[in-house]
file query08.txt (compact mmCIF, C-alpha atoms)
# COMPACT_ATOMS: atom_id res chain seq x y z
CA MET A 1382 13.62 -27.12 -25.85
CA SER A 1383 11.81 -30.15 -24.47
CA LEU A 1384 9.75 -30.24 -21.29
CA ARG A 1385 9.64 -33.10 -18.77
CA ILE A 1386 7.04 -33.13 -16.02
CA ASP A 1387 6.68 -35.59 -13.14
CA LEU A 1388 4.40 -34.03 -10.54
CA SER A 1389 1.97 -34.92 -7.78
CA LEU A 1390 -0.47 -32.17 -6.80
CA ALA A 1391 -2.48 -32.14 -3.60
CA LEU A 1392 -6.02 -31.10 -4.56
CA PRO A 1393 -9.08 -31.05 -2.29
CA GLY A 1394 -9.79 -34.69 -1.42
CA ARG A 1395 -7.36 -36.25 -3.87
CA VAL A 1396 -3.90 -36.31 -5.41
CA LEU A 1397 -3.36 -35.58 -9.11
CA ASP A 1398 -0.37 -37.30 -10.74
CA VAL A 1399 0.95 -36.03 -14.07
CA LYS A 1400 4.00 -37.48 -15.80
CA THR A 1401 4.75 -36.65 -19.42
CA GLU A 1402 7.32 -35.31 -21.90
CA LEU A 1403 6.86 -32.71 -24.60
CA PRO A 1404 9.40 -32.42 -27.43
CA GLU A 1405 10.78 -29.05 -28.50
CA GLY A 1406 8.21 -27.05 -30.44
CA GLY A 1407 5.36 -29.29 -29.27
CA CYS A 1408 2.09 -28.07 -27.78
CA LEU A 1409 0.75 -29.93 -24.75
CA ALA A 1410 -2.91 -29.45 -23.87
CA LEU A 1411 -3.93 -29.94 -20.25
CA TYR A 1412 -7.50 -30.94 -20.96
CA GLY A 1413 -10.30 -31.67 -18.54
CA PRO A 1414 -13.26 -30.25 -16.63
CA SER A 1415 -13.14 -27.25 -14.31
CA GLY A 1416 -11.53 -27.89 -10.93
CA VAL A 1417 -9.48 -30.86 -12.09
CA GLY A 1418 -6.13 -29.11 -11.49
CA LYS A 1419 -5.22 -27.74 -14.94
CA THR A 1420 -4.49 -24.16 -13.91
CA THR A 1421 -2.67 -25.30 -10.75
CA LEU A 1422 -0.38 -27.36 -12.95
CA LEU A 1423 0.24 -24.39 -15.25
CA ARG A 1424 1.08 -22.16 -12.27
CA ILE A 1425 3.58 -24.76 -11.07
CA LEU A 1426 5.26 -24.73 -14.49
CA ALA A 1427 5.43 -20.93 -14.31
CA GLY A 1428 7.02 -21.08 -10.85
CA LEU A 1429 4.07 -19.39 -9.17
CA GLN A 1430 3.16 -22.37 -7.00
CA GLN A 1431 4.82 -25.48 -5.52
CA PRO A 1432 3.53 -29.05 -5.94
CA MET A 1433 3.32 -31.70 -3.22
CA ARG A 1434 6.12 -33.61 -4.95
CA GLY A 1435 7.93 -33.82 -8.24
CA THR A 1436 10.23 -32.44 -10.89
CA VAL A 1437 10.05 -30.08 -13.84
CA GLU A 1438 12.88 -30.03 -16.39
CA PHE A 1439 13.02 -27.73 -19.39
CA GLY A 1440 15.75 -27.81 -22.02
CA GLY A 1441 17.86 -30.04 -19.78
CA GLN A 1442 17.68 -27.53 -16.90
CA THR A 1443 15.98 -28.48 -13.65
CA TRP A 1444 13.36 -25.87 -12.84
CA LEU A 1445 11.89 -27.76 -9.92
CA ASP A 1446 12.92 -30.77 -7.83
CA THR A 1447 11.17 -31.18 -4.51
CA THR A 1448 13.62 -33.85 -3.29
CA GLY A 1449 16.68 -31.78 -4.21
CA LYS A 1450 14.93 -28.63 -3.02
CA VAL A 1451 15.42 -26.89 -6.39
CA MET A 1452 12.91 -24.11 -7.16
CA LEU A 1453 14.00 -21.83 -9.99
CA PRO A 1454 12.21 -18.50 -9.45
CA ALA A 1455 9.47 -17.49 -11.91
CA ARG A 1456 11.47 -14.59 -13.36
CA ALA A 1457 14.36 -16.94 -14.26
CA ARG A 1458 12.19 -19.38 -16.20
CA LYS A 1459 11.63 -17.31 -19.37
CA VAL A 1460 7.96 -18.18 -19.48
CA GLY A 1461 5.33 -16.24 -21.43
CA PHE A 1462 1.93 -16.45 -19.72
CA VAL A 1463 -1.40 -15.58 -21.37
CA PHE A 1464 -4.38 -15.40 -19.02
CA GLN A 1465 -8.08 -15.81 -19.74
CA ASN A 1466 -8.81 -12.25 -18.55
CA PHE A 1467 -6.09 -10.67 -20.76
CA ALA A 1468 -4.41 -8.89 -17.77
CA LEU A 1469 -3.24 -5.92 -19.87
CA PHE A 1470 -2.03 -2.73 -18.20
CA PRO A 1471 -4.95 -0.31 -18.74
CA ASN A 1472 -2.80 2.82 -18.47
CA MET A 1473 -0.44 1.75 -21.26
CA THR A 1474 -1.00 1.63 -25.01
CA VAL A 1475 -0.75 -1.65 -26.86
CA ASP A 1476 2.84 -0.82 -27.80
CA GLY A 1477 3.53 0.20 -24.20
CA ASN A 1478 2.24 -3.13 -22.92
CA LEU A 1479 4.63 -4.94 -25.24
CA ALA A 1480 7.56 -2.66 -24.36
CA PHE A 1481 7.02 -3.31 -20.66
CA ALA A 1482 7.33 -7.06 -21.26
CA GLN A 1483 10.50 -6.89 -23.35
CA PRO A 1484 13.79 -7.89 -21.72
CA LYS A 1485 15.29 -4.83 -23.45
CA PRO A 1486 13.50 -2.19 -25.57
CA ASP A 1487 13.35 -3.09 -29.25
CA ALA A 1488 10.73 -1.25 -31.34
CA ALA A 1489 11.40 -3.27 -34.50
CA ARG A 1490 10.83 -6.53 -32.64
CA ARG A 1491 7.60 -5.16 -31.14
CA ALA A 1492 6.42 -4.30 -34.63
CA ASP A 1493 7.12 -7.90 -35.65
CA TRP A 1494 4.98 -9.27 -32.81
CA LEU A 1495 2.15 -6.85 -33.59
CA ALA A 1496 2.27 -7.86 -37.24
CA LEU A 1497 2.27 -11.55 -36.34
CA THR A 1498 -0.82 -11.11 -34.17
CA GLY A 1499 -2.57 -8.80 -36.65
CA MET A 1500 -2.47 -5.77 -34.31
CA THR A 1501 -0.17 -3.38 -36.20
CA ASP A 1502 -2.94 -0.80 -36.67
CA TYR A 1503 -3.74 -0.74 -32.95
CA ALA A 1504 -0.27 -0.05 -31.53
CA HIS A 1505 -1.23 3.33 -30.07
CA ARG A 1506 -4.63 2.41 -28.70
CA TYR A 1507 -5.40 1.71 -25.06
CA PRO A 1508 -6.92 -1.60 -23.91
CA ARG A 1509 -10.29 0.10 -23.22
CA GLU A 1510 -10.46 0.94 -26.95
CA LEU A 1511 -10.13 -2.72 -27.99
CA SER A 1512 -12.60 -5.61 -28.34
CA GLY A 1513 -12.15 -8.84 -26.38
CA GLY A 1514 -10.57 -10.61 -29.33
CA GLN A 1515 -8.17 -7.70 -29.95
CA MET A 1516 -7.18 -7.61 -26.27
CA GLN A 1517 -6.40 -11.31 -26.35
CA ARG A 1518 -4.24 -10.81 -29.45
CA VAL A 1519 -2.35 -8.09 -27.57
CA ALA A 1520 -1.98 -10.37 -24.54
CA LEU A 1521 -0.47 -12.98 -26.83
CA ALA A 1522 1.83 -10.43 -28.51
CA ARG A 1523 2.95 -9.24 -25.06
CA ALA A 1524 3.73 -12.81 -23.99
CA LEU A 1525 5.77 -13.28 -27.19
CA ALA A 1526 7.53 -9.94 -26.62
CA SER A 1527 8.94 -11.26 -23.39
CA GLU A 1528 11.03 -13.62 -25.59
CA PRO A 1529 9.85 -16.75 -23.75
CA GLN A 1530 11.27 -20.21 -24.14
CA LEU A 1531 8.02 -21.72 -22.93
CA LEU A 1532 4.56 -20.30 -23.68
CA LEU A 1533 1.74 -20.97 -21.20
CA LEU A 1534 -1.87 -20.32 -22.22
CA ASP A 1535 -4.45 -20.49 -19.44
CA GLU A 1536 -7.91 -20.86 -21.04
CA ALA A 1537 -6.66 -18.02 -23.22
CA LEU A 1538 -9.61 -18.05 -25.61
CA SER A 1539 -12.45 -19.17 -23.36
CA ALA A 1540 -13.74 -15.65 -22.62
CA LEU A 1541 -14.46 -15.11 -26.31
CA ASP A 1542 -17.59 -16.07 -28.22
CA THR A 1543 -17.60 -19.16 -30.42
CA ARG A 1544 -16.89 -17.45 -33.75
CA LEU A 1545 -14.14 -15.21 -32.40
CA ARG A 1546 -12.61 -18.19 -30.61
CA ALA A 1547 -12.47 -20.12 -33.87
CA ASP A 1548 -10.79 -17.16 -35.63
CA LEU A 1549 -8.21 -16.79 -32.86
CA GLN A 1550 -7.56 -20.53 -32.83
CA ASP A 1551 -6.58 -20.23 -36.49
CA ALA A 1552 -4.32 -17.26 -35.71
CA LEU A 1553 -2.77 -19.00 -32.74
CA ALA A 1554 -2.14 -22.21 -34.69
CA ASP A 1555 -0.34 -20.12 -37.31
CA ILE A 1556 1.72 -18.28 -34.67
CA LEU A 1557 2.74 -21.50 -32.91
CA ALA A 1558 3.74 -23.04 -36.24
CA ARG A 1559 5.87 -19.99 -37.14
CA THR A 1560 7.54 -19.43 -33.78
CA LYS A 1561 8.00 -23.16 -32.99
CA LEU A 1562 7.62 -22.24 -29.33
CA THR A 1563 7.17 -25.10 -26.90
CA THR A 1564 3.70 -24.46 -25.49
CA VAL A 1565 1.45 -25.73 -22.71
CA LEU A 1566 -2.19 -24.73 -22.89
CA VAL A 1567 -5.08 -25.28 -20.53
CA SER A 1568 -8.44 -25.94 -22.11
CA HIS A 1569 -11.74 -27.68 -21.56
CA ASP A 1570 -12.67 -27.18 -25.22
CA PRO A 1571 -12.03 -30.32 -27.32
CA GLY A 1572 -12.12 -28.29 -30.55
CA GLU A 1573 -9.38 -26.01 -29.28
CA VAL A 1574 -7.29 -28.98 -28.17
CA PHE A 1575 -7.71 -30.72 -31.50
CA ARG A 1576 -6.83 -27.54 -33.42
CA LEU A 1577 -3.77 -26.49 -31.43
CA ALA A 1578 -2.20 -29.35 -29.50
CA SER A 1579 0.26 -32.01 -30.58
CA HIS A 1580 0.04 -33.81 -27.22
CA VAL A 1581 -2.78 -34.10 -24.67
CA ALA A 1582 -2.88 -34.91 -20.98
CA HIS A 1583 -6.53 -35.62 -20.18
CA LEU A 1584 -6.94 -34.81 -16.49
CA GLN A 1585 -9.92 -36.51 -14.88
CA PRO A 1586 -11.32 -36.12 -11.37
CA ASP A 1587 -11.97 -39.82 -10.76
CA ALA A 1588 -9.46 -41.59 -13.00
CA PRO A 1589 -5.75 -41.57 -13.87
CA THR A 1590 -4.48 -38.98 -16.34
CA VAL A 1591 -4.64 -40.23 -19.96
CA TYR A 1592 -1.91 -39.22 -22.44
CA GLY A 1593 -1.76 -39.28 -26.22
CA THR A 1594 -2.31 -37.28 -29.36
CA PRO A 1595 -5.59 -35.35 -29.71
CA ARG A 1596 -6.74 -38.08 -32.04
CA ASP A 1597 -5.95 -40.80 -29.49
CA VAL A 1598 -7.56 -39.01 -26.57
CA LEU A 1599 -10.50 -37.15 -28.05
CA LEU A 1600 -11.74 -39.57 -30.68
CA LYS A 1601 -12.04 -42.55 -28.38
CA ALA A 1602 -15.61 -43.70 -28.59
CA ASN A 1603 -17.41 -45.90 -26.12
CA THR A 1604 -19.35 -47.36 -28.99
CA LEU A 1605 -17.29 -48.00 -32.12
CA GLY A 1606 -17.98 -45.54 -34.90
CA ARG A 1607 -20.09 -43.40 -32.57
CA TYR A 1608 -18.49 -40.45 -30.89
CA ALA A 1609 -19.12 -39.84 -27.23
CA LEU A 1610 -19.88 -36.27 -26.19
CA ALA A 1611 -20.11 -35.20 -22.54
CA GLY A 1612 -23.45 -33.66 -21.68
CA GLN A 1613 -25.85 -32.78 -18.89
CA VAL A 1614 -29.56 -33.61 -18.78
CA LEU A 1615 -31.71 -30.45 -18.82
CA LEU A 1616 -35.22 -31.81 -19.31
CA ILE A 1617 -37.07 -35.13 -19.34
CA GLU A 1618 -40.72 -35.31 -20.32
CA ALA A 1619 -43.12 -37.91 -21.64
CA ALA A 1620 -43.77 -37.80 -25.37
CA GLY A 1621 -46.25 -40.60 -26.05
CA VAL A 1622 -44.56 -43.99 -26.32
CA GLN A 1623 -41.16 -42.27 -26.02
CA ALA A 1624 -39.67 -39.67 -23.71
CA ARG A 1625 -38.20 -36.36 -24.87
CA VAL A 1626 -34.83 -35.68 -23.32
CA VAL A 1627 -32.96 -32.37 -23.73
CA ILE A 1628 -29.23 -32.47 -23.09
CA ALA A 1629 -26.73 -29.59 -22.91
CA ILE A 1630 -23.52 -30.28 -24.82
CA GLY A 1631 -21.06 -27.42 -24.56
CA ASN A 1632 -22.92 -24.27 -25.58
CA GLU A 1633 -25.56 -26.18 -27.51
CA THR A 1634 -28.60 -28.28 -26.65
CA LEU A 1635 -29.62 -31.58 -28.18
CA THR A 1636 -33.14 -33.00 -28.05
CA THR A 1637 -33.54 -36.72 -28.50
CA LEU A 1638 -36.11 -39.45 -27.96
CA LEU A 1639 -35.48 -42.32 -25.57
CA ASN A 1640 -37.72 -45.13 -24.45
CA HIS A 1641 -39.32 -44.73 -21.02
CA GLU A 1642 -37.03 -47.28 -19.35
CA GLU A 1643 -33.94 -45.36 -20.52
CA ALA A 1644 -35.45 -42.00 -19.58
CA ASP A 1645 -36.53 -43.25 -16.15
CA ALA A 1646 -32.92 -44.16 -15.43
CA LEU A 1647 -31.88 -40.50 -15.93
CA LYS A 1648 -32.48 -37.44 -13.80
CA VAL A 1649 -32.25 -33.72 -14.53
CA GLY A 1650 -28.76 -32.40 -13.87
CA GLN A 1651 -27.12 -35.79 -14.39
CA ARG A 1652 -23.94 -35.91 -16.44
CA VAL A 1653 -24.28 -38.27 -19.39
CA SER A 1654 -22.38 -39.50 -22.42
CA VAL A 1655 -24.10 -38.93 -25.77
CA ALA A 1656 -23.04 -41.23 -28.60
CA LEU A 1657 -23.50 -39.78 -32.07
CA ASN A 1658 -23.33 -41.88 -35.18
CA GLY A 1659 -20.37 -40.59 -37.18
CA ALA A 1660 -21.87 -41.68 -40.49
CA SER A 1661 -25.17 -39.92 -39.87
CA ALA A 1662 -23.85 -36.52 -38.75
CA MET A 1663 -25.05 -33.77 -41.07
CA VAL A 1664 -22.48 -31.01 -41.38
CA SER A 1665 -22.67 -27.61 -43.08
CA ALA A 1666 -20.80 -24.33 -42.88
CA ALA A 1667 -21.81 -22.16 -39.91
CA MET B 1261 -31.64 -48.89 -27.35
CA ASN B 1262 -31.80 -52.39 -28.75
CA ARG B 1263 -28.86 -54.66 -27.97
CA ILE B 1264 -27.98 -58.10 -29.39
CA ALA B 1265 -25.05 -60.25 -28.27
CA ALA B 1266 -23.15 -61.42 -31.36
CA ARG B 1267 -19.87 -62.93 -32.58
CA LEU B 1268 -17.69 -61.06 -35.06
CA LEU B 1269 -17.33 -62.85 -38.40
CA THR B 1270 -15.48 -60.42 -40.71
CA LEU B 1271 -14.03 -56.93 -40.60
CA GLN B 1272 -13.05 -54.86 -43.65
CA HIS B 1273 -11.46 -51.44 -43.25
CA GLU B 1274 -10.61 -48.83 -45.87
CA ASN B 1275 -10.21 -45.03 -45.76
CA GLY B 1276 -11.75 -44.57 -42.33
CA VAL B 1277 -14.74 -46.81 -42.97
CA THR B 1278 -15.13 -50.26 -41.44
CA LEU B 1279 -17.68 -52.83 -42.52
CA ILE B 1280 -18.35 -55.50 -39.93
CA GLU B 1281 -20.35 -58.71 -40.16
CA ALA B 1282 -21.44 -60.40 -36.95
CA GLU B 1283 -23.59 -63.43 -36.27
CA ALA B 1284 -26.27 -63.97 -33.66
CA GLN B 1285 -28.69 -66.93 -33.58
CA GLY B 1286 -27.79 -67.83 -37.17
CA GLN B 1287 -28.61 -64.34 -38.40
CA VAL B 1288 -25.80 -62.29 -39.98
CA PHE B 1289 -25.85 -58.57 -39.16
CA SER B 1290 -23.82 -55.80 -40.82
CA ALA B 1291 -22.52 -52.62 -39.24
CA MET B 1292 -20.78 -49.74 -40.98
CA LEU B 1293 -18.52 -47.72 -38.70
CA VAL B 1294 -16.72 -44.42 -39.33
CA GLY B 1295 -13.33 -43.80 -37.73
CA ASP B 1296 -10.09 -45.62 -37.03
CA LYS B 1297 -9.88 -49.37 -37.56
CA PRO B 1298 -11.43 -51.09 -34.53
CA ASP B 1299 -9.14 -53.29 -32.47
CA LEU B 1300 -11.24 -56.40 -33.03
CA ALA B 1301 -10.62 -59.82 -34.57
CA PRO B 1302 -13.00 -62.45 -35.98
CA GLY B 1303 -14.46 -64.52 -33.17
CA ALA B 1304 -14.65 -61.59 -30.76
CA SER B 1305 -17.79 -61.15 -28.71
CA VAL B 1306 -19.52 -57.88 -29.48
CA THR B 1307 -22.85 -56.24 -28.78
CA LEU B 1308 -24.84 -54.83 -31.67
CA ALA B 1309 -26.61 -51.65 -30.60
CA PHE B 1310 -29.23 -49.69 -32.48
CA LYS B 1311 -31.94 -47.22 -31.59
CA GLU B 1312 -35.58 -48.15 -31.70
CA THR B 1313 -36.24 -45.23 -34.04
CA GLU B 1314 -33.77 -46.67 -36.57
CA VAL B 1315 -35.77 -49.89 -37.03
CA ALA B 1316 -38.06 -50.08 -40.05
CA ILE B 1317 -40.81 -52.67 -40.50
CA ALA B 1318 -41.87 -54.29 -43.76
CA ARG B 1319 -44.75 -56.61 -44.54
CA ASN B 1320 -44.74 -58.76 -47.69
CA LEU B 1321 -41.54 -57.12 -48.84
CA GLY B 1322 -40.73 -58.17 -52.43
CA GLY B 1323 -37.81 -57.54 -54.76
CA GLU B 1324 -34.37 -56.38 -53.70
CA ILE B 1325 -33.55 -53.80 -51.09
CA SER B 1326 -30.20 -52.31 -50.09
CA LEU B 1327 -30.74 -52.70 -46.34
CA ARG B 1328 -28.40 -55.42 -45.12
CA ASN B 1329 -30.05 -56.20 -41.81
CA ARG B 1330 -33.38 -57.97 -42.40
CA VAL B 1331 -34.87 -60.19 -39.71
CA PRO B 1332 -38.13 -62.13 -40.18
CA ALA B 1333 -40.24 -61.88 -37.04
CA LEU B 1334 -43.73 -62.01 -35.58
CA VAL B 1335 -45.13 -58.91 -33.91
CA ALA B 1336 -45.10 -59.70 -30.20
CA GLY B 1337 -46.78 -56.55 -28.94
CA LEU B 1338 -47.80 -52.98 -29.75
CA GLU B 1339 -47.91 -49.84 -27.66
CA ASP B 1340 -49.94 -47.19 -29.46
CA GLY B 1341 -49.45 -43.46 -29.14
CA SER B 1342 -51.23 -40.76 -31.08
CA LEU B 1343 -48.21 -40.11 -33.32
CA LEU B 1344 -45.79 -42.94 -32.62
CA THR B 1345 -46.22 -46.64 -32.01
CA ARG B 1346 -43.72 -48.90 -30.30
CA VAL B 1347 -43.67 -52.39 -31.79
CA ARG B 1348 -42.10 -55.31 -29.91
CA PHE B 1349 -40.45 -58.41 -31.38
CA GLU B 1350 -38.52 -61.23 -29.81
CA PHE B 1351 -35.01 -62.14 -30.93
CA ALA B 1352 -32.87 -64.73 -29.16
CA GLY B 1353 -35.15 -64.45 -26.14
CA GLN B 1354 -34.64 -60.68 -25.90
CA PRO B 1355 -37.09 -57.93 -26.85
CA ILE B 1356 -36.36 -55.81 -29.91
CA HIS B 1357 -38.36 -52.62 -30.29
CA ALA B 1358 -39.16 -50.47 -33.29
CA VAL B 1359 -40.70 -47.02 -33.02
CA ILE B 1360 -42.63 -46.11 -36.17
CA THR B 1361 -45.42 -43.66 -36.88
CA THR B 1362 -48.85 -44.77 -35.77
CA GLY B 1363 -50.05 -44.07 -39.30
CA SER B 1364 -47.58 -46.61 -40.68
CA ALA B 1365 -48.53 -49.15 -38.02
CA HIS B 1366 -52.16 -48.84 -39.13
CA ARG B 1367 -51.22 -48.97 -42.83
CA LEU B 1368 -49.33 -52.24 -42.25
CA ALA B 1369 -52.24 -53.52 -40.13
CA LEU B 1370 -49.80 -54.54 -37.43
CA ALA B 1371 -51.16 -56.72 -34.67
CA PRO B 1372 -49.70 -59.39 -32.40
CA GLY B 1373 -48.82 -62.50 -34.44
CA VAL B 1374 -48.51 -60.71 -37.79
CA ALA B 1375 -45.45 -61.85 -39.78
CA VAL B 1376 -43.16 -59.01 -40.86
CA GLU B 1377 -39.46 -58.22 -41.29
CA TRP B 1378 -37.66 -55.64 -39.19
CA LEU B 1379 -34.82 -53.84 -40.91
CA VAL B 1380 -31.88 -51.65 -39.88
CA LYS B 1381 -29.41 -49.87 -42.18
CA ALA B 1382 -25.82 -50.95 -41.58
CA ASN B 1383 -24.71 -47.39 -40.79
CA GLU B 1384 -27.29 -47.19 -38.00
CA MET B 1385 -25.94 -50.32 -36.35
CA GLY B 1386 -23.39 -49.63 -33.61
CA ILE B 1387 -20.93 -52.03 -32.03
CA GLU B 1388 -20.22 -52.10 -28.30
CA CYS B 1389 -17.39 -54.23 -26.99

call {"tool": "encode", "arguments": {"input": "query08.txt", "output": "structure tokens"}}
result
Amino acid sequence: MSLRIDLSLALPGRVLDVKTELPEGGCLALYGPSGVGKTTLLRILAGLQQPMRGTVEFGGQTWLDTTGKVMLPARARKVGFVFQNFALFPNMTVDGNLAFAQPKPDAARRADWLALTGMTDYAHRYPRELSGGQMQRVALARALASEPQLLLLDEALSALDTRLRADLQDALADILARTKLTTVLVSHDPGEVFRLASHVAHLQPDAPTVYGTPRDVLLKANTLGRYALAGQVLLIEAAGVQARVVIAIGNETLTTLLNHEEADALKVGQRVSVALNGASAMVSAA
Amino acid sequence: MNRIAARLLTLQHENGVTLIEAEAQGQVFSAMLVGDKPDLAPGASVTLAFKETEVAIARNLGGEISLRNRVPALVAGLEDGSLLTRVRFEFAGQPIHAVITTGSAHRLALAPGVAVEWLVKANEMGIEC
């Protein structure tokens, strides 16, 4: 079922407009920095919050229309929601968590979801007996067990370390391909967006929302053939005729040399764009 | 960062690699870009951009060399450090800088007025537009 969104959200000091369509089975990434309105938008899709103005249509059914005063309640929307903090019931086993989410009890179907998420061997364990990655797999299986028509993932993998996140991205990509569920995910991780999404809405605090494929949105370079990465200046210090500048990019740091005029124009804490030469990048297995 | 205003002459694209030739002050520069085909046409105004640390300097260079960007120039100034030296040239009225090791600067006996060539590999040349 396809999703159509035309919304205006009132955020502190500004209004965020988002208007896009997602075909059936597509995966839309709401991508952008913290505080830009991604999770608010997801909560509106789930029916947990109202926008300032707008409409949400899913599968030809109007879920929300502020002018017509339509507001389909959350429980009627058949939405599966996966949160960053897992939100499992601690007093229930893995199987119990899935059973609670099912519209009607079906042990065979639960076994299918556990198999799909690689959690068959953990059905009778409690959440406290699981690792972070295992809990997020259960959270995903529970969302699928609710037989949703629309899957919503709110920074679902961001609490996990880099390696585990990459593994779960692979698993999630496989699950989305098999279930063909229409999905909206919130992420500030370009790798996750590129791996999982078919469509991207790039939400920005000071500019209109940009739409396109991950390739369109994420590979746009400000200098042709050189890929722009968002970073933050950590350190600037003189290094002879050059200046040494250390920049945080995601979870990593990059040290580079700039001339003094360029370095003098920067200050610690400043957000910067780092252009890397695509041809010169050296890549090896991690 | 060194920047030179130039005019696009040719653009060849194949399998995610684009080879661009652009002209500035009668000098033809080459840039190799990785990615989608740029939305540019011959005649377009572009800016060639390359880091000071990507500029090599040669003196009395003989024979053939694969580097496509070779510009004859006189050394206009030197700023010595213990490890690195910043060498200044003039091109089209704008400064071009190269950062090389101080050892190499001494080996080439660089000094203001010395005739050299500065060189940049095509894949180190960026295009801003």

call {"tool": "closest_atom_pairs", "arguments": {"input": "query08.txt", "of": "chain B", "to": "chain A", "cutoff": "10 Å", "atoms": "all atoms listed in the file", "output": "Markdown table"}}
result
| residue | atom | partner | partner_atom | distance |
| --- | --- | --- | --- | --- |
| B:Met1261 | CA | A:Asn1640 | CA | 7.7 |
| B:Gly1276 | CA | A:Gly1606 | CA | 9.7 |
| B:Val1277 | CA | A:Gly1606 | CA | 8.8 |
| B:Thr1278 | CA | A:Gly1606 | CA | 8.6 |
| B:Ala1291 | CA | A:Gly1606 | CA | 9.5 |
| B:Met1292 | CA | A:Gly1606 | CA | 7.9 |
| B:Leu1293 | CA | A:Gly1606 | CA | 4.4 |
| B:Val1294 | CA | A:Gly1606 | CA | 4.7 |
| B:Gly1295 | CA | A:Gly1606 | CA | 5.7 |
| B:Asp1296 | CA | A:Gly1606 | CA | 8.2 |
| B:Lys1297 | CA | A:Leu1605 | CA | 9.3 |
| B:Pro1298 | CA | A:Leu1605 | CA | 7.0 |
| B:Asp1299 | CA | A:Leu1605 | CA | 9.7 |
| B:Thr1307 | CA | A:Thr1604 | CA | 9.5 |
| B:Leu1308 | CA | A:Thr1604 | CA | 9.7 |
| B:Ala1309 | CA | A:Thr1604 | CA | 8.6 |
| B:Lys1311 | CA | A:Leu1639 | CA | 8.5 |
| B:Glu1312 | CA | A:Asn1640 | CA | 8.1 |
| B:Thr1313 | CA | A:Leu1638 | CA | 8.4 |
| B:Glu1339 | CA | A:Val1622 | CA | 6.9 |
| B:Asp1340 | CA | A:Val1622 | CA | 7.0 |
| B:Gly1341 | CA | A:Gly1621 | CA | 5.3 |
| B:Ser1342 | CA | A:Gly1621 | CA | 7.1 |
| B:Leu1343 | CA | A:Gly1621 | CA | 7.5 |
| B:Leu1344 | CA | A:Val1622 | CA | 6.5 |
| B:Thr1345 | CA | A:Val1622 | CA | 6.5 |
| B:Arg1346 | CA | A:Val1622 | CA | 6.4 |
| B:His1357 | CA | A:Asn1640 | CA | 9.5 |
| B:Val1359 | CA | A:Val1622 | CA | 8.3 |
| B:Asn1383 | CA | A:Ala1660 | CA | 6.4 |
| B:Glu1384 | CA | A:Asn1658 | CA | 7.2 |
| B:Met1385 | CA | A:Asn1658 | CA | 8.9 |
| B:Gly1386 | CA | A:Leu1605 | CA | 6.5 |
| B:Ile1387 | CA | A:Leu1605 | CA | 5.4 |
| B:Glu1388 | CA | A:Thr1604 | CA | 4.9 |
| B:Cys1389 | CA | A:Thr1604 | CA | 7.4 |

call {"tool": "write_last_selection", "arguments": {"input": "query08.txt", "atoms": "C-alpha atoms", "output": "CSV table (one decimal), in the frame of the given file"}}
result
chain,number,residue,atom,x,y,z
B,1261,MET,CA,-31.6,-48.9,-27.4
B,1276,GLY,CA,-11.8,-44.6,-42.3
B,1277,VAL,CA,-14.7,-46.8,-43.0
B,1278,THR,CA,-15.1,-50.3,-41.4
B,1291,ALA,CA,-22.5,-52.6,-39.2
B,1292,MET,CA,-20.8,-49.7,-41.0
B,1293,LEU,CA,-18.5,-47.7,-38.7
B,1294,VAL,CA,-16.7,-44.4,-39.3
B,1295,GLY,CA,-13.3,-43.8,-37.7
B,1296,ASP,CA,-10.1,-45.6,-37.0
B,1297,LYS,CA,-9.9,-49.4,-37.6
B,1298,PRO,CA,-11.4,-51.1,-34.5
B,1299,ASP,CA,-9.1,-53.3,-32.5
B,1307,THR,CA,-22.8,-56.2,-28.8
B,1308,LEU,CA,-24.8,-54.8,-31.7
B,1309,ALA,CA,-26.6,-51.6,-30.6
B,1311,LYS,CA,-31.9,-47.2,-31.6
B,1312,GLU,CA,-35.6,-48.2,-31.7
B,1313,THR,CA,-36.2,-45.2,-34.0
B,1339,GLU,CA,-47.9,-49.8,-27.7
B,1340,ASP,CA,-49.9,-47.2,-29.5
B,1341,GLY,CA,-49.4,-43.5,-29.1
B,1342,SER,CA,-51.2,-40.8,-31.1
B,1343,LEU,CA,-48.2,-40.1,-33.3
B,1344,LEU,CA,-45.8,-42.9,-32.6
B,1345,THR,CA,-46.2,-46.6,-32.0
B,1346,ARG,CA,-43.7,-48.9,-30.3
B,1357,HIS,CA,-38.4,-52.6,-30.3
B,1359,VAL,CA,-40.7,-47.0,-33.0
B,1383,ASN,CA,-24.7,-47.4,-40.8
B,1384,GLU,CA,-27.3,-47.2,-38.0
B,1385,MET,CA,-25.9,-50.3,-36.4
B,1386,GLY,CA,-23.4,-49.6,-33.6
B,1387,ILE,CA,-20.9,-52.0,-32.0
B,1388,GLU,CA,-20.2,-52.1,-28.3
B,1389,CYS,CA,-17.4,-54.2,-27.0

call {"tool": "residues_near_point", "arguments": {"input": "query08.txt", "point": "(-1.9, 4.6, -27.6)", "cutoff": "8 Å", "atoms": "only C-alpha atoms", "output": "list of chain:residue names"}}
result
A:Met1473, A:Thr1474, A:Val1475, A:Asp1476, A:Gly1477, A:Tyr1503, A:Ala1504, A:His1505, A:Arg1506, A:Tyr1507

call {"tool": "residues_around", "arguments": {"input": "query08.txt", "residues": "Leu1268 of chain B", "least_positions_apart": "2", "cutoff": "6 Å", "atoms": "only C-alpha atoms", "output": "list in words"}}
result
Ala1282, Pro1302, Gly1303 and Ala1304 of chain B

call {"tool": "residues_around", "arguments": {"input": "query08.txt", "residues": "Val1380 of chain B", "least_positions_apart": "5", "cutoff": "7 Å", "atoms": "only C-alpha atoms", "output": "short mmCIF file (atom, residue, chain, number, x, y, z; two decimals) with C-alpha atoms, in the coordinates of the input"}}
result
data_model
loop_
_atom_site.label_atom_id
_atom_site.label_comp_id
_atom_site.auth_asym_id
_atom_site.auth_seq_id
_atom_site.Cartn_x
_atom_site.Cartn_y
_atom_site.Cartn_z
CA GLU B 1314 -33.77 -46.67 -36.57
CA VAL B 1315 -35.77 -49.89 -37.03
CA ALA B 1316 -38.06 -50.08 -40.05
CA LEU B 1327 -30.74 -52.70 -46.34
CA ASN B 1329 -30.05 -56.20 -41.81
CA ARG B 1330 -33.38 -57.97 -42.40
#
